[in-house]
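A.B. asks: Take a look at the following structure, please.
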Amino acid sequence: MTDALAQAQPAGAGQPPRAICRSRWAWPWPVLLVVLFHAFGTHPLRAHDIIDTDQANDLVAAADAAAARVKTAAGSGAEGEARFALGMALAEATAVLNRDLAAHNGRLTVNAELVLKSLAQRDMAPAFDEAIGRYRLPRAPLTDAVRLAPDAPYALQARFELVKAGFYESFVIDPFELMGIKFDDLEHQIAEAAALASTLSSRDDAEEAAFIHAVDLARAARLAPEPAAAQAYADKARAALGSFAKSYPESMRAAAARLILKGLGGS
């Protein structure tokens, strides 16, 4: 296999910058994809796992309760908290629908259909995106929650859910082929993930944010329109990927970090 990235030859004293060959990136995708899927934070359903009626009803009831709170909330703080609860309820429902879809050959089971139809009747259903083969998170409640109370205790979690959605909904198989976002969106996501990785109280969440940050830097190195920007992102990506692998050595994501780092000419 030809190396995807080449290191420039030394010229004089010091270590020269490593040049990026942007035409060929030979990644061991099967391994990376397993890690990325694991990184969703929830294990996928197996083919024989079925969403039962109680779970379906609980998902819809949680969304109903949160929506009712939004209608009666007084003041930006109370409304923001209610919208956060609604956003988290819809995030859980969206995750369940996507896991059910993945576990059953792209077709929802009867109870998953019940969840989707019930949410659709309430104008709260996640939209299915044919391009990525997934239901997209309804982002408005979480975005509104952060806007209404950016310093509230729940704001970091709301931002984290939005960053996760932005990352996992931005590719199908190859993370280096952006779907549904532009390079400016990727740069915003890089900044958000970096901020969250250093502030989230949950170690698991901080790990996932750090992983998204590092992978997004590598994506930016591959996709930046200007060579100078690509080189700058590559340098940052190597540092972030190396730091991640050292900080979370037992994580499955560390394997992906090391693979991408190797592709960037790191060690």
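Every chain in the structure tokens has a letter given in the order shown (A, B, ...), and although residue numbers restart at 1 in each chain, ligands are simply numbered from 1 in the order shown.
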Residues of region 31-202 of chain A classed as helix (DSSP H, G or I) by DSSP on the backbone are to be reported as a ChimeraX atom specification.
C.D. replies: /A:31-38,53-72,76-103,110-121,140-148,155-168,183-197
A.B. asks: If we count only C-alpha atoms and set the cut-off at 12 Å, which residues sit around Leu217 (chain A), ignoring sequence neighbours fewer than 5 positions away in its own chain? Please answer as a CSV table (one decimal) with C-alpha atoms, in the first residue's frame.
C.D. replies:
```
chain,number,residue,atom,x,y,z
A,167,PHE,CA,-20.0,15.1,13.3
A,175,PRO,CA,-15.4,10.8,7.2
A,176,PHE,CA,-13.2,12.8,4.7
A,183,PHE,CA,-15.8,23.8,5.4
A,186,LEU,CA,-16.3,22.1,10.0
A,187,GLU,CA,-14.1,24.9,11.4
A,188,HIS,CA,-16.9,25.9,13.8
A,189,GLN,CA,-17.3,22.3,14.9
A,190,ILE,CA,-13.5,22.1,15.5
A,191,ALA,CA,-13.7,25.1,17.8
A,193,ALA,CA,-15.3,20.3,20.2
A,194,ALA,CA,-12.1,21.8,21.5
A,210,ALA,CA,-11.6,15.3,22.1
A,211,PHE,CA,-11.9,12.5,19.6
A,212,ILE,CA,-14.3,14.5,17.4
A,222,ARG,CA,-7.4,17.0,4.0
A,223,LEU,CA,-10.1,19.4,2.8
A,224,ALA,CA,-8.7,22.9,3.4
A,229,ALA,CA,-4.1,26.1,5.8
A,230,ALA,CA,-4.0,22.4,5.1
A,231,GLN,CA,-0.4,22.2,6.5
A,232,ALA,CA,-1.4,24.2,9.6
A,233,TYR,CA,-4.4,21.9,10.2
A,234,ALA,CA,-2.2,18.8,9.7
A,235,ASP,CA,0.2,20.1,12.4
A,236,LYS,CA,-2.7,20.6,14.8
A,237,ALA,CA,-4.2,17.3,13.9
A,238,ARG,CA,-1.0,15.4,14.6
A,239,ALA,CA,-0.7,17.1,18.0
A,240,ALA,CA,-4.4,16.4,18.9
A,241,LEU,CA,-4.3,12.8,17.7
A,257,ALA,CA,-6.5,8.1,16.4
A,260,ILE,CA,-5.2,8.6,11.4
A,261,LEU,CA,-2.0,9.9,13.0
A,264,LEU,CA,-0.6,12.1,8.6
```
A.B. asks: Point out the residue among A:Arg83, A:Lys164, A:Arg258, A:Arg99 with the least atom-to-atom distance to His213 (chain A), counting only C-alpha atoms.
C.D. replies: A:Lys164
A.B. asks: Please determine, counting only C-alpha atoms, which residue among A:Ala82, A:Ala221, A:Leu108, A:Ala254 has the shortest atom-to-atom distance to Asp144 (chain A).
C.D. replies: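 Checking each of A:Ala82, A:Ala221, A:Leu108, A:Ala254 against Asp144 (chain A), counting only C-alpha atoms, the winner is A:Ala82.
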A.B. asks: Within 12 Å of Gly106 (chain A), counting only C-alpha atoms, which residues show up once you throw out same-chain ones fewer than 2 positions away? Write them as a PyMOL selection string, please.
C.D. replies: chain A and resi 47+97-104+108-109+112+128+130+132-135
A.B. asks: For the atom pair CA of Gly265 (chain A) and CA of Asp184 (chain A), what is the interatomic distance in Å to one decimal place?
C.D. replies: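 Separation between CA of Gly265 (chain A) and CA of Asp184 (chain A): 25.3 Å.
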A.B. asks: In Å, with one decimal, what is the gap from CA of Val60 (chain A) to CA of Ala93 (chain A)?
C.D. replies: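 If I compute the distance from CA of Val60 (chain A) to CA of Ala93 (chain A), I get 8.0 Å.
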A.B. asks: Tell me which protein, DNA and RNA residues are within 9 Å of Ala89 (chain A), counting only C-alpha atoms, leaving out same-chain ones fewer than 5 positions away, and put them as a PyMOL selection string.
C.D. replies: chain A and resi 59-60+62-63+66+84+94
A.B. asks: When you look at Ala149 (chain A) with a cut-off of 10 Å (counting only C-alpha atoms), what residues show up, excluding the ones that are within fewer than 4 positions of it in the same chain? I need them as a ChimeraX atom specification.
C.D. replies: /A:76-81,144-145,153-155
A.B. asks: Taking only region 80-190 of chain A into account, list the residues labelled strand (DSSP E or B) by DSSP (computed from the backbone), as a list in words.
C.D. replies: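 Across region 80-190 of chain A, those assigned strand (DSSP E or B) are Ala127, Phe128, Asp129, Arg134, Tyr135 and Arg136 of chain A.
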A.B. asks: What does the distance from CA of Pro227 (chain A) to CA of Ala214 (chain A) come to in Å, to one decimal?
C.D. replies: 19.2 Å
A.B. asks: From the set A:Arg139, A:Ala131, A:Ala197, A:Gln157, which residue has the shortest atom-to-atom contact distance to Ile173 (chain A), counting only C-alpha atoms?
C.D. replies: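 Using only C-alpha atoms, Ile173 (chain A) sits closest to A:Ala131.
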A.B. asks: Could you produce a table of the residues of region 94-208 of chain A lying within 10 Å of region 244-253 of chain A, with the nearest pair of atoms per residue and their separation in Å rounded to one decimal, using only C-alpha atoms, ordered by chain and increasing residue number, as a tab-separated table?
C.D. replies:
```
residue	atom	partner	partner_atom	distance
A:Asp204	CA	A:Ser251	CA	9.9
A:Glu207	CA	A:Tyr248	CA	7.5
A:Glu208	CA	A:Arg253	CA	8.4
```
A.B. asks: Next, write the just-selected residues to a file, as an mmCIF file, in the first residue's frame, keeping N, CA, C and O atoms as the atom set.
C.D. replies:
```cif
data_model
loop_
_atom_site.group_PDB
_atom_site.id
_atom_site.type_symbol
_atom_site.label_atom_id
_atom_site.label_comp_id
_atom_site.auth_asym_id
_atom_site.auth_seq_id
_atom_site.Cartn_x
_atom_site.Cartn_y
_atom_site.Cartn_z
ATOM 1 N N ASP A 204 -16.254 10.362 29.915
ATOM 2 C CA ASP A 204 -16.652 9.727 28.652
ATOM 3 C C ASP A 204 -17.013 10.777 27.604
ATOM 4 O O ASP A 204 -16.624 10.664 26.436
ATOM 5 N N GLU A 207 -13.921 12.606 26.461
ATOM 6 C CA GLU A 207 -13.165 11.763 25.532
ATOM 7 C C GLU A 207 -13.751 11.844 24.129
ATOM 8 O O GLU A 207 -13.020 11.999 23.141
ATOM 9 N N GLU A 208 -15.069 11.738 24.031
ATOM 10 C CA GLU A 208 -15.694 11.755 22.712
ATOM 11 C C GLU A 208 -15.512 13.118 22.045
ATOM 12 O O GLU A 208 -15.260 13.198 20.834
#
```
A.B. asks: A:Val215, A:Ala68, A:Val110, A:Leu90: which is nearest Leu259 (chain A), counting only C-alpha atoms?
C.D. replies: A:Val215
A.B. asks: Considering only C-alpha atoms, state which residue in the set A:Ala218, A:Ala125, A:Ala73, A:Ala56 is at the smallest distance from Ala91 (chain A).
C.D. replies: A:Ala125
